[in-house]
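Visitor: Just query_5.cif, nothing more (mmCIF, C-alpha atoms (C1' of nucleotides)):
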data_coords
loop_
_atom_site.label_atom_id
_atom_site.label_comp_id
_atom_site.auth_asym_id
_atom_site.auth_seq_id
_atom_site.Cartn_x
_atom_site.Cartn_y
_atom_site.Cartn_z
CA MET B 1 32.25 -3.83 4.23
CA THR B 2 29.56 -5.62 6.22
CA THR B 3 25.82 -5.95 5.72
CA SER B 4 25.27 -4.33 2.38
CA THR B 5 23.05 -3.93 -0.61
CA ALA B 6 24.94 -6.63 -2.48
CA PRO B 7 22.51 -8.94 -4.29
CA ALA B 8 22.51 -12.66 -3.64
CA THR B 9 26.21 -13.24 -3.73
CA GLY B 10 28.43 -12.87 -0.68
CA SER B 11 32.21 -12.82 -0.61
CA GLY B 12 33.68 -16.22 -1.39
CA ASP B 13 30.71 -18.49 -0.87
CA ALA B 14 29.00 -21.32 -2.69
CA ARG B 15 27.13 -19.38 -5.37
CA ARG B 16 28.78 -18.10 -8.51
CA PRO B 17 29.07 -14.41 -9.12
CA MET B 18 26.23 -12.84 -11.08
CA ARG B 19 26.44 -12.78 -14.82
CA ALA B 20 27.62 -9.45 -16.16
CA ASP B 21 24.31 -8.51 -17.75
CA ALA B 22 22.42 -9.42 -14.59
CA ARG B 23 24.71 -7.29 -12.47
CA ARG B 24 24.34 -4.34 -14.83
CA ASN B 25 20.57 -4.62 -14.90
CA TYR B 26 20.39 -4.96 -11.15
CA ASP B 27 22.29 -1.74 -10.70
CA ARG B 28 20.19 0.07 -13.28
CA LEU B 29 16.98 -1.10 -11.66
CA LEU B 30 18.09 0.00 -8.24
CA GLU B 31 18.97 3.41 -9.56
CA ALA B 32 15.73 3.70 -11.53
CA GLY B 33 13.85 2.69 -8.41
CA ARG B 34 15.57 5.31 -6.34
CA VAL B 35 14.76 8.04 -8.83
CA ALA B 36 11.18 6.90 -9.32
CA PHE B 37 10.39 6.70 -5.62
CA ALA B 38 12.02 10.06 -5.01
CA GLU B 39 10.03 11.72 -7.75
CA ARG B 40 6.68 10.02 -7.51
CA GLY B 41 6.68 8.20 -4.18
CA GLY B 42 4.16 5.44 -3.91
CA GLU B 43 2.69 6.38 -7.29
CA ALA B 44 5.69 4.99 -9.15
CA SER B 45 4.66 1.86 -11.05
CA MET B 46 6.79 -1.19 -11.73
CA GLU B 47 6.37 -0.86 -15.51
CA GLU B 48 7.56 2.71 -15.28
CA ILE B 49 10.63 1.76 -13.28
CA ALA B 50 11.51 -1.06 -15.66
CA LYS B 51 11.18 1.25 -18.64
CA HIS B 52 13.42 3.83 -17.02
CA ALA B 53 16.04 1.14 -16.50
CA ASP B 54 15.69 0.07 -20.16
CA VAL B 55 14.65 -3.37 -19.09
CA GLY B 56 11.51 -5.51 -19.32
CA VAL B 57 9.26 -5.95 -16.30
CA GLY B 58 10.19 -9.61 -16.27
CA THR B 59 13.75 -8.65 -15.48
CA LEU B 60 12.64 -6.31 -12.76
CA TYR B 61 10.70 -9.13 -11.15
CA ARG B 62 13.56 -11.56 -11.51
CA HIS B 63 15.68 -9.29 -9.33
CA PHE B 64 12.96 -8.01 -7.03
CA PRO B 65 10.17 -10.60 -6.79
CA ARG B 66 7.81 -8.13 -5.09
CA ARG B 67 7.50 -4.44 -5.22
CA ILE B 68 8.37 -4.20 -1.56
CA ASP B 69 11.67 -5.94 -2.22
CA LEU B 70 12.67 -3.09 -4.47
CA VAL B 71 11.61 -0.58 -1.84
CA GLU B 72 13.74 -2.38 0.69
CA ALA B 73 16.74 -2.57 -1.61
CA VAL B 74 16.55 1.13 -2.41
CA TYR B 75 16.32 1.94 1.26
CA ARG B 76 19.24 -0.31 2.16
CA SER B 77 21.34 1.28 -0.51
CA ASP B 78 20.45 4.77 0.73
CA VAL B 79 21.53 3.78 4.21
CA ASP B 80 24.75 2.36 2.76
CA THR B 81 25.42 5.67 1.07
CA LEU B 82 24.77 7.64 4.22
CA VAL B 83 27.00 5.40 6.30
CA ALA B 84 29.76 5.45 3.70
CA GLU B 85 29.57 9.24 3.67
CA ALA B 86 30.95 9.25 7.22
CA ASP B 87 34.06 7.44 6.00
CA LYS B 88 34.51 9.72 3.04
CA LEU B 89 34.51 12.77 5.29
CA VAL B 90 37.33 11.41 7.41
CA ASP B 91 39.87 13.54 5.54
CA LEU B 92 38.17 16.79 6.49
CA GLU B 93 38.76 18.49 9.80
CA PRO B 94 36.47 17.12 12.50
CA TRP B 95 33.98 19.96 12.61
CA SER B 96 33.49 20.08 8.84
CA ALA B 97 33.05 16.34 8.84
CA LEU B 98 30.32 16.54 11.45
CA SER B 99 28.56 19.37 9.71
CA GLY B 100 28.88 17.69 6.32
CA TRP B 101 27.57 14.40 7.53
CA LEU B 102 24.56 15.96 9.18
CA GLN B 103 23.77 17.66 5.90
CA ALA B 104 23.90 14.28 4.21
CA PHE B 105 21.63 12.93 6.93
CA ILE B 106 19.07 15.62 6.25
CA ARG B 107 19.01 14.83 2.55
CA TYR B 108 18.59 11.16 3.42
CA ALA B 109 15.74 11.89 5.82
CA GLN B 110 14.03 14.14 3.32
CA SER B 111 14.11 11.49 0.62
CA LYS B 112 12.49 9.03 3.01
CA ARG B 113 9.45 11.21 3.56
CA VAL B 114 8.33 10.79 -0.02
CA PHE B 115 7.73 7.07 0.17
CA LEU B 116 7.16 6.77 3.86
CA THR B 117 4.09 4.62 3.42
CA GLU B 118 5.97 2.04 1.39
CA LEU B 119 8.82 2.09 3.84
CA ARG B 120 6.57 1.57 6.81
CA GLU B 121 5.24 -1.52 5.07
CA ALA B 122 8.75 -2.79 4.50
CA PHE B 123 9.58 -2.28 8.17
CA GLU B 124 6.48 -4.14 9.17
CA LYS B 125 7.30 -7.10 6.97
CA ASN B 126 10.89 -7.12 8.11
CA PRO B 127 11.55 -5.50 11.49
CA GLU B 128 15.22 -6.36 11.31
CA LEU B 129 15.52 -3.82 8.51
CA ALA B 130 14.55 -0.91 10.75
CA LEU B 131 16.66 -2.05 13.64
CA ASP B 132 19.72 -2.79 11.57
CA SER B 133 19.60 0.58 9.82
CA ARG B 134 19.16 2.42 13.06
CA VAL B 135 22.25 0.77 14.49
CA ARG B 136 24.36 1.42 11.44
CA ILE B 137 23.33 5.04 11.16
CA GLY B 138 23.86 5.49 14.87
CA ALA B 139 27.40 4.18 14.58
CA ALA B 140 28.17 6.52 11.71
CA ALA B 141 26.74 9.47 13.61
CA SER B 142 28.76 8.54 16.63
CA SER B 143 31.98 8.33 14.66
CA VAL B 144 31.75 11.89 13.32
CA LEU B 145 30.40 13.34 16.55
CA VAL B 146 32.98 11.79 18.82
CA ARG B 147 35.80 12.92 16.58
CA ALA B 148 34.53 16.50 16.71
CA GLN B 149 34.18 16.25 20.46
CA GLN B 150 37.67 14.87 20.93
CA ALA B 151 39.04 17.70 18.82
CA GLY B 152 37.33 20.16 21.15
CA ALA B 153 35.07 21.42 18.37
CA ALA B 154 31.76 20.14 19.70
CA ARG B 155 30.31 20.15 23.19
CA THR B 156 30.49 16.88 24.99
CA ASP B 157 27.20 16.82 26.84
CA ILE B 158 25.29 15.27 23.95
CA ASP B 159 25.68 11.91 22.27
CA ALA B 160 24.81 10.49 18.89
CA ALA B 161 21.43 9.22 20.09
CA ASP B 162 20.47 12.74 21.20
CA LEU B 163 21.55 14.13 17.89
CA MET B 164 19.63 11.60 15.80
CA HIS B 165 16.61 12.09 17.97
CA LEU B 166 16.72 15.84 17.58
CA ILE B 167 17.47 16.04 13.89
CA GLY B 168 15.53 12.96 12.85
CA GLY B 169 12.46 14.25 14.62
CA MET B 170 12.84 17.64 13.04
CA CYS B 171 12.98 16.13 9.56
CA MET B 172 9.86 14.06 10.11
CA ALA B 173 7.75 17.02 11.18
CA ARG B 174 4.74 17.24 8.95
CA ALA B 175 5.44 20.11 6.59
CA ALA B 176 9.19 20.42 6.80
CA THR B 177 10.96 21.40 3.55
CA LEU B 178 14.56 20.69 2.75
CA GLU B 179 15.46 24.40 2.98
CA GLN B 180 13.80 24.74 6.33
CA ASN B 181 15.59 21.68 7.64
CA GLU B 182 18.93 22.94 6.44
CA ARG B 183 18.31 26.26 8.11
CA LEU B 184 17.35 24.58 11.35
CA LEU B 185 20.38 22.34 11.12
CA GLY B 186 22.50 25.51 11.03
CA LEU B 187 20.84 26.54 14.23
CA VAL B 188 21.52 23.23 15.90
CA LEU B 189 25.12 23.27 14.72
CA ASP B 190 25.59 26.71 16.26
CA GLY B 191 24.33 25.27 19.51
CA ILE B 192 26.75 22.36 19.39
CA LYS B 193 29.86 24.19 18.24
CA ILE B 194 32.60 25.25 20.61
CA GLN B 195 34.23 28.47 19.37
CA PRO B 196 38.00 28.03 18.94
CA MET X 1 -24.48 17.72 18.35
CA THR X 2 -21.99 19.59 16.17
CA THR X 3 -19.71 18.47 13.35
CA SER X 4 -20.81 14.92 12.77
CA THR X 5 -20.86 11.96 10.49
CA ALA X 6 -24.24 12.96 9.08
CA PRO X 7 -24.27 12.56 5.32
CA ALA X 8 -24.97 15.49 3.04
CA THR X 9 -28.03 16.83 4.81
CA GLY X 10 -27.84 19.26 7.71
CA SER X 11 -30.65 20.30 10.00
CA GLY X 12 -33.21 22.46 8.21
CA ASP X 13 -31.35 23.47 5.07
CA ALA X 14 -31.99 23.58 1.35
CA ARG X 15 -31.63 19.91 0.48
CA ARG X 16 -34.30 17.36 1.12
CA PRO X 17 -33.71 14.57 3.58
CA MET X 18 -32.26 11.39 2.13
CA ARG X 19 -34.61 8.81 0.81
CA ALA X 20 -35.27 6.00 3.28
CA ASP X 21 -33.44 3.34 1.26
CA ALA X 22 -30.46 5.61 0.74
CA ARG X 23 -30.24 6.34 4.43
CA ARG X 24 -30.43 2.65 5.27
CA ASN X 25 -27.76 1.73 2.77
CA TYR X 26 -25.51 4.53 3.93
CA ASP X 27 -25.67 3.23 7.47
CA ARG X 28 -25.07 -0.34 6.39
CA LEU X 29 -22.10 0.65 4.29
CA LEU X 30 -20.54 2.62 7.08
CA GLU X 31 -20.90 -0.32 9.41
CA ALA X 32 -19.59 -2.79 6.85
CA GLY X 33 -16.64 -0.47 6.25
CA ARG X 34 -15.88 -0.29 9.93
CA VAL X 35 -15.92 -4.06 10.29
CA ALA X 36 -13.93 -4.66 7.12
CA PHE X 37 -11.20 -2.16 7.99
CA ALA X 38 -11.01 -3.50 11.53
CA GLU X 39 -10.63 -7.07 10.31
CA ARG X 40 -8.55 -6.71 7.19
CA GLY X 41 -7.12 -3.21 7.30
CA GLY X 42 -5.95 -1.91 3.98
CA GLU X 43 -6.61 -5.30 2.36
CA ALA X 44 -10.37 -4.81 2.49
CA SER X 45 -11.71 -4.34 -1.04
CA MET X 46 -14.64 -2.19 -2.08
CA GLU X 47 -16.48 -5.17 -3.61
CA GLU X 48 -16.10 -7.03 -0.38
CA ILE X 49 -17.46 -4.15 1.68
CA ALA X 50 -20.41 -3.68 -0.65
CA LYS X 51 -21.25 -7.37 -0.47
CA HIS X 52 -21.13 -7.34 3.30
CA ALA X 53 -23.57 -4.46 3.29
CA ASP X 54 -25.83 -6.39 0.87
CA VAL X 55 -25.48 -3.67 -1.69
CA GLY X 56 -23.94 -3.29 -5.16
CA VAL X 57 -20.63 -1.52 -5.62
CA GLY X 58 -22.45 1.18 -7.54
CA THR X 59 -24.31 2.09 -4.39
CA LEU X 60 -21.14 2.11 -2.37
CA TYR X 61 -19.62 4.52 -4.83
CA ARG X 62 -22.70 6.69 -4.88
CA HIS X 63 -22.29 7.31 -1.16
CA PHE X 64 -18.51 7.33 -1.03
CA PRO X 65 -17.11 8.42 -4.38
CA ARG X 66 -13.59 7.35 -3.47
CA ARG X 67 -12.28 4.68 -1.21
CA ILE X 68 -10.66 7.30 0.96
CA ASP X 69 -14.05 8.93 1.53
CA LEU X 70 -15.23 5.76 3.19
CA VAL X 71 -12.10 5.61 5.31
CA GLU X 72 -12.73 9.18 6.39
CA ALA X 73 -16.39 8.54 7.17
CA VAL X 74 -15.57 5.48 9.26
CA TYR X 75 -12.95 7.43 11.14
CA ARG X 76 -15.27 10.38 11.75
CA SER X 77 -17.93 8.07 13.05
CA ASP X 78 -15.45 6.36 15.38
CA VAL X 79 -14.49 9.74 16.76
CA ASP X 80 -18.16 10.59 17.17
CA THR X 81 -18.64 7.43 19.17
CA LEU X 82 -15.68 8.13 21.38
CA VAL X 83 -16.77 11.69 22.04
CA ALA X 84 -20.35 10.63 22.72
CA GLU X 85 -19.04 8.07 25.19
CA ALA X 86 -17.95 10.92 27.45
CA ASP X 87 -21.55 12.15 27.60
CA LYS X 88 -22.93 8.72 28.26
CA LEU X 89 -20.65 8.28 31.26
CA VAL X 90 -21.89 11.46 32.89
CA ASP X 91 -24.23 9.49 35.16
CA LEU X 92 -21.40 7.51 36.71
CA GLU X 93 -19.32 8.85 39.55
CA PRO X 94 -16.43 11.01 38.31
CA TRP X 95 -13.64 8.48 38.76
CA SER X 96 -15.50 5.64 37.05
CA ALA X 97 -16.34 7.98 34.23
CA LEU X 98 -12.69 8.88 33.73
CA SER X 99 -11.57 5.30 33.92
CA GLY X 100 -14.36 4.13 31.60
CA TRP X 101 -13.67 6.78 29.03
CA LEU X 102 -9.98 6.02 28.92
CA GLN X 103 -10.82 2.40 28.29
CA ALA X 104 -12.97 3.49 25.38
CA PHE X 105 -10.10 5.62 24.18
CA ILE X 106 -7.79 2.65 24.16
CA ARG X 107 -10.19 0.59 22.12
CA TYR X 108 -10.50 3.48 19.71
CA ALA X 109 -6.73 3.85 19.42
CA GLN X 110 -6.28 0.14 18.91
CA SER X 111 -8.76 0.02 16.06
CA LYS X 112 -6.89 2.84 14.37
CA ARG X 113 -3.65 0.93 14.22
CA VAL X 114 -5.09 -1.60 11.82
CA PHE X 115 -5.68 0.80 8.98
CA LEU X 116 -3.14 3.39 9.91
CA THR X 117 -1.81 3.62 6.37
CA GLU X 118 -5.20 4.47 4.94
CA LEU X 119 -5.81 6.96 7.71
CA ARG X 120 -2.53 8.68 7.14
CA GLU X 121 -3.53 9.15 3.54
CA ALA X 122 -6.85 10.62 4.59
CA PHE X 123 -5.10 13.05 6.91
CA GLU X 124 -2.77 14.07 4.15
CA LYS X 125 -5.60 14.75 1.75
CA ASN X 126 -7.59 16.60 4.38
CA PRO X 127 -5.56 18.07 7.25
CA GLU X 128 -8.65 19.57 8.81
CA LEU X 129 -9.78 16.02 9.62
CA ALA X 130 -6.84 15.35 11.92
CA LEU X 131 -7.02 18.74 13.57
CA ASP X 132 -10.74 18.65 14.11
CA SER X 133 -10.66 15.18 15.62
CA ARG X 134 -7.86 16.09 17.93
CA VAL X 135 -9.78 19.07 19.23
CA ARG X 136 -12.98 17.13 19.76
CA ILE X 137 -11.27 14.24 21.50
CA GLY X 138 -9.29 16.68 23.61
CA ALA X 139 -12.50 18.37 24.74
CA ALA X 140 -14.06 15.05 25.68
CA ALA X 141 -10.95 14.01 27.59
CA SER X 142 -10.93 17.30 29.38
CA SER X 143 -14.55 16.99 30.41
CA VAL X 144 -14.08 13.65 32.17
CA LEU X 145 -10.69 14.54 33.62
CA VAL X 146 -11.73 17.90 35.04
CA ARG X 147 -14.79 16.40 36.65
CA ALA X 148 -12.67 13.76 38.36
CA GLN X 149 -10.25 16.44 39.47
CA GLN X 150 -12.98 18.68 40.84
CA ALA X 151 -14.37 15.73 42.77
CA GLY X 152 -10.97 15.24 44.34
CA ALA X 153 -10.56 11.83 42.75
CA ALA X 154 -7.70 12.66 40.38
CA ARG X 155 -4.55 14.65 40.90
CA THR X 156 -4.61 18.14 39.48
CA ASP X 157 -1.10 18.50 38.15
CA ILE X 158 -1.90 16.98 34.78
CA ASP X 159 -4.24 18.13 32.04
CA ALA X 160 -6.06 16.45 29.18
CA ALA X 161 -3.23 17.17 26.76
CA ASP X 162 -0.76 15.34 29.02
CA LEU X 163 -3.11 12.43 29.31
CA MET X 164 -3.72 12.10 25.59
CA HIS X 165 -0.03 12.41 24.94
CA LEU X 166 0.79 9.69 27.42
CA ILE X 167 -1.90 7.21 26.54
CA GLY X 168 -2.04 7.96 22.84
CA GLY X 169 1.71 7.49 22.59
CA MET X 170 1.51 4.25 24.49
CA CYS X 171 -1.15 2.88 22.15
CA MET X 172 0.85 3.72 19.05
CA ALA X 173 3.96 1.91 20.23
CA ARG X 174 4.94 -0.65 17.66
CA ALA X 175 3.88 -3.97 19.10
CA ALA X 176 1.32 -2.98 21.68
CA THR X 177 -1.62 -5.37 22.11
CA LEU X 178 -4.99 -4.42 23.51
CA GLU X 179 -4.39 -6.43 26.69
CA GLN X 180 -1.02 -4.83 27.25
CA ASN X 181 -2.49 -1.40 26.77
CA GLU X 182 -5.30 -2.09 29.19
CA ARG X 183 -2.83 -3.30 31.76
CA LEU X 184 -0.69 -0.21 31.31
CA LEU X 185 -3.75 1.96 31.52
CA GLY X 186 -4.40 0.44 34.96
CA LEU X 187 -0.93 1.49 35.92
CA VAL X 188 -1.46 5.05 34.73
CA LEU X 189 -4.81 5.23 36.48
CA ASP X 190 -3.17 4.17 39.75
CA GLY X 191 -0.74 6.99 39.30
CA ILE X 192 -3.49 9.54 38.73
CA LYS X 193 -5.91 8.42 41.40
CA ILE X 194 -6.20 10.17 44.75
CA GLN X 195 -7.11 7.66 47.44
CA PRO X 196 -10.27 8.69 49.27
"C1'" DT T 1 -55.03 4.43 -4.89
"C1'" DT T 2 -52.63 5.27 -8.73
"C1'" DA T 3 -49.40 7.45 -11.57
"C1'" DC T 4 -45.30 9.90 -12.36
"C1'" DG T 5 -40.90 12.19 -11.71
"C1'" DA T 6 -36.92 12.27 -9.02
"C1'" DT T 7 -33.81 9.55 -6.68
"C1'" DA T 8 -31.21 5.56 -5.87
"C1'" DC T 9 -29.75 0.82 -7.07
"C1'" DG T 10 -26.78 -2.84 -9.27
"C1'" DG T 11 -23.36 -4.99 -11.60
"C1'" DA T 12 -21.02 -5.41 -16.14
"C1'" DG T 13 -17.03 -3.50 -17.93
"C1'" DG T 14 -13.10 0.00 -18.56
"C1'" DG T 15 -8.70 1.11 -16.90
"C1'" DT T 16 -4.55 0.47 -14.26
"C1'" DG T 17 -1.12 -1.82 -11.82
"C1'" DC T 18 1.17 -6.00 -9.78
"C1'" DT T 19 2.81 -10.40 -10.90
"C1'" DT T 20 3.54 -14.85 -13.60
"C1'" DC T 21 4.89 -17.62 -17.38
"C1'" DC T 22 7.50 -19.23 -20.94
"C1'" DG T 23 9.65 -18.86 -25.56
"C1'" DT T 24 13.82 -16.40 -26.92
"C1'" DT T 25 18.33 -14.51 -26.19
"C1'" DT T 26 22.83 -14.02 -24.07
"C1'" DA T 27 26.96 -14.81 -21.37
"C1'" DC T 28 30.50 -17.83 -19.99
"C1'" DG T 29 33.34 -22.19 -19.54
"C1'" DC T 30 35.28 -25.62 -22.44
"C1'" DG P 1 32.97 -22.03 -31.96
"C1'" DC P 2 29.53 -24.79 -29.02
"C1'" DG P 3 26.49 -26.15 -25.44
"C1'" DT P 4 24.20 -25.13 -21.50
"C1'" DA P 5 22.75 -22.66 -17.63
"C1'" DA P 6 21.30 -18.15 -16.64
"C1'" DA P 7 18.85 -14.17 -17.76
"C1'" DC P 8 15.74 -11.44 -20.66
"C1'" DG P 9 11.20 -9.47 -22.26
"C1'" DG P 10 6.65 -8.61 -22.67
"C1'" DA P 11 2.06 -10.69 -23.39
"C1'" DA P 12 -1.40 -12.28 -20.52
"C1'" DG P 13 -3.65 -13.31 -15.91
"C1'" DC P 14 -5.58 -11.42 -12.08
"C1'" DA P 15 -7.32 -8.25 -8.64
"C1'" DC P 16 -8.85 -3.98 -7.58
"C1'" DC P 17 -10.71 0.82 -8.12
"C1'" DC P 18 -14.06 3.28 -10.25
"C1'" DT P 19 -17.72 4.60 -14.08
"C1'" DC P 20 -21.84 4.20 -16.60
"C1'" DC P 21 -26.41 3.57 -17.58
"C1'" DG P 22 -30.55 0.66 -17.81
"C1'" DT P 23 -33.69 -0.77 -14.11
"C1'" DA P 24 -36.07 -0.46 -9.69
"C1'" DT P 25 -37.89 2.14 -5.86
"C1'" DC P 26 -39.51 5.99 -3.12
"C1'" DG P 27 -42.33 9.87 -2.14
"C1'" DT P 28 -45.84 12.83 -3.57
"C1'" DA P 29 -49.72 14.93 -5.62
"C1'" DA P 30 -53.92 14.17 -7.95
#
What would the structure in this file look like if it were written as structure tokens?
Guide:
Amino acid sequence: MTTSTAPATGSGDARRPMRADARRNYDRLLEAGRVAFAERGGEASMEEIAKHADVGVGTLYRHFPRRIDLVEAVYRSDVDTLVAEADKLVDLEPWSALSGWLQAFIRYAQSKRVFLTELREAFEKNPELALDSRVRIGAAASSVLVRAQQAGAARTDIDAADLMHLIGGMCMARAATLEQNERLLGLVLDGIKIQP
Amino acid sequence: MTTSTAPATGSGDARRPMRADARRNYDRLLEAGRVAFAERGGEASMEEIAKHADVGVGTLYRHFPRRIDLVEAVYRSDVDTLVAEADKLVDLEPWSALSGWLQAFIRYAQSKRVFLTELREAFEKNPELALDSRVRIGAAASSVLVRAQQAGAARTDIDAADLMHLIGGMCMARAATLEQNERLLGLVLDGIKIQP
DNA sequence: TTACGATACGGAGGGTGCTTCCGTTTACGC
DNA sequence: GCGTAAACGGAAGCACCCTCCGTATCGTAA
């Protein structure tokens, strides 16, 4: 594991590990944040998120000093999940892995649209966040795509950057719904697939 | 004049004209809003804007019931200005008019970047705003471009849509400064110009 | 010119949401 | 068990959006 969502405490460094209750609350808050942003986007209030995590606002602010820090943490953890998904799919045959990962990507992209304004702010405050995520997602995309290509299941005249560009752009289009995106993904997959 | 920034009272319709003080305050508020958004973007508060216009908040809210209404009005008026600029330049020779208008366009685009978040919200609430502005700006662009083309001063294998796409995209690029954009505009103009 | 009704003004205050502060509670090493 | 550092919780501070209504001003008709 590399750059990750892990709070404040690296592998074997100076600082102690978090206390058990702190760790538990951190995880709860992150999850509550994810749900809240997904459901209510920028409308989600800090009080609301704390309540959902069964925690006082004070605790929320101890872990995430500013609202934007929570936004960033949720985003980082979503990217982690997406990247990890590529590893999980390694057991499937190459084509299924590619197709499965792109589905995961679409869900990821869809969830981002809801709190895009907040996210944009986070990127502005911390440009490294955008760059870093792009690289990591690109690597994951590449890993599933190349495997499919090497297995002769996907055409070789596209690369991961093309794919992200195509599908990412599609997902960001103004009125795109999840269903529509999944349908269009099917179309794209048909275009990429090499019939056995 | 067509769709415009004019508040609540058309040409010769049912409603009376605005009272003189109301008209004056409306204009002041619009101007104060423009300045405030340009300087402080989304940070600008309603109290602050009202004070700058030498007016109470109550008056601000009478004219612009919600913050977003002020954002929209400022934006509409900026578009008005940009579109009117094309008419003003009609006395110049065709190439100067084209070049001058594109400079105005760049200033317009630059000012939009500052309160992009607010603007995005306004577009979301009122899609007709984005569409309408695009059409009007496109028409203005077309008028100056076509004239330059007919005068043999600009190459004819591009149209207004291409131009807006190129220059608009350039202005929206993440870290673009006004100077950089003006320099790049020079570059684009060189590419479009037909030497006499 | 004055008087009067319609219109507009102003700013105190309600409501909400982010953030801070600090007294209380809890986990963990001895 | 005990002591201490770490973490918790929520009341209160603050800033901002917006509303409300008593007061002031404009425009008009006598």
Visitor: Scan for residues within 10 Å of the point (7.0, -11.6, -12.3) in the coordinates of the file, using all atoms listed in the file, and reply as a PyMOL selection string.
Guide: (chain B and resi 57-66) or (chain T and resi 18-21)
Visitor: Could you write out the selected residues, including C-alpha atoms (C1' of nucleotides), as a short mmCIF file (atom, residue, chain, number, x, y, z; two decimals), keeping the file's coordinate frame?
Guide:
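New file result_28.cif:
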data_model
loop_
_atom_site.label_atom_id
_atom_site.label_comp_id
_atom_site.auth_asym_id
_atom_site.auth_seq_id
_atom_site.Cartn_x
_atom_site.Cartn_y
_atom_site.Cartn_z
CA VAL B 57 9.26 -5.95 -16.30
CA GLY B 58 10.19 -9.61 -16.27
CA THR B 59 13.75 -8.65 -15.48
CA LEU B 60 12.64 -6.31 -12.76
CA TYR B 61 10.70 -9.13 -11.15
CA ARG B 62 13.56 -11.56 -11.51
CA HIS B 63 15.68 -9.29 -9.33
CA PHE B 64 12.96 -8.01 -7.03
CA PRO B 65 10.17 -10.60 -6.79
CA ARG B 66 7.81 -8.13 -5.09
"C1'" DC T 18 1.17 -6.00 -9.78
"C1'" DT T 19 2.81 -10.40 -10.90
"C1'" DT T 20 3.54 -14.85 -13.60
"C1'" DC T 21 4.89 -17.62 -17.38
#
Visitor: Please report as a Markdown table every residue of chain X lying within 12 Å of chain T, along with the nearest atom pair and their distance in Å (one decimal), using all atoms listed in the file.
Guide:
| residue | atom | partner | partner_atom | distance |
| --- | --- | --- | --- | --- |
| X:Arg16 | CA | T:DT7 | C1' | 11.0 |
| X:Pro17 | CA | T:DT7 | C1' | 11.4 |
| X:Met18 | CA | T:DT7 | C1' | 9.1 |
| X:Arg19 | CA | T:DT7 | C1' | 7.6 |
| X:Ala20 | CA | T:DA8 | C1' | 10.0 |
| X:Asp21 | CA | T:DA8 | C1' | 7.8 |
| X:Ala22 | CA | T:DA8 | C1' | 6.7 |
| X:Arg23 | CA | T:DA8 | C1' | 10.4 |
| X:Arg24 | CA | T:DA8 | C1' | 11.5 |
| X:Asn25 | CA | T:DA8 | C1' | 10.1 |
| X:Tyr26 | CA | T:DA8 | C1' | 11.4 |
| X:Glu47 | CA | T:DG11 | C1' | 10.5 |
| X:Ala50 | CA | T:DG10 | C1' | 10.8 |
| X:Lys51 | CA | T:DG10 | C1' | 11.3 |
| X:Asp54 | CA | T:DG10 | C1' | 10.8 |
| X:Val55 | CA | T:DG10 | C1' | 7.7 |
| X:Gly56 | CA | T:DG10 | C1' | 5.0 |
| X:Val57 | CA | T:DG10 | C1' | 7.3 |
| X:Gly58 | CA | T:DG10 | C1' | 6.2 |
| X:Thr59 | CA | T:DC9 | C1' | 6.2 |
| X:Leu60 | CA | T:DC9 | C1' | 9.9 |
| X:Tyr61 | CA | T:DC9 | C1' | 11.0 |
| X:Arg62 | CA | T:DA8 | C1' | 8.6 |
| X:His63 | CA | T:DA8 | C1' | 10.2 |
Visitor: Should the cut-off be 10 Å, what would the residue list for chain P against chain X look like, counting all atoms listed in the file, as a PyMOL selection string?
Guide: chain P and resi 15-20+25-27
Visitor: Listing only residues of chain X within 12 Å of chain B, what is the closest atom pair and its distance in Å (to one decimal) for each, using only C-alpha atoms, sorted by chain and residue number ascending, as a tab-separated table?
Guide:
residue	atom	partner	partner_atom	distance
X:Gly42	CA	B:Glu121	CA	11.2
X:Phe115	CA	B:Glu121	CA	11.8
X:Leu116	CA	B:Thr117	CA	9.8
X:Thr117	CA	B:Thr117	CA	6.7
X:Glu118	CA	B:Thr117	CA	9.4
X:Leu119	CA	B:Thr117	CA	11.0
X:Arg120	CA	B:Thr117	CA	8.6
X:Glu121	CA	B:Thr117	CA	8.9
X:Phe123	CA	B:Arg174	CA	10.9
X:Glu124	CA	B:Arg174	CA	9.5
X:Pro127	CA	B:Arg174	CA	10.5
X:Arg174	CA	B:Glu124	CA	9.3
X:Ala175	CA	B:Glu124	CA	10.3
Visitor: Record the distance separating CA of Ile106 (chain B) and CA of Ala73 (chain B), expressed in Å with one decimal.
Guide: 20.0 Å
Visitor: If you measure from CA of Arg40 (chain B) to CA of Leu70 (chain B), what distance in Å do you get, rounded to one decimal?
Guide: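 Those two atoms sit 14.7 Å apart.
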Visitor: Need the shell around region 83-87 of chain X: protein/DNA/RNA residues with any atom at most 9 Å away, counting only C-alpha atoms (C1' of nucleotides). Skip same-chain ones fewer than 4 positions apart. Format as a ChimeraX atom specification?
Guide: /X:78-79,91,97-98,100-101,104,136-137,139-141,143-144
Visitor: In Å to one decimal, how far is CA of Met172 (chain B) from CA of Ser133 (chain B)?
Guide: 16.6 Å
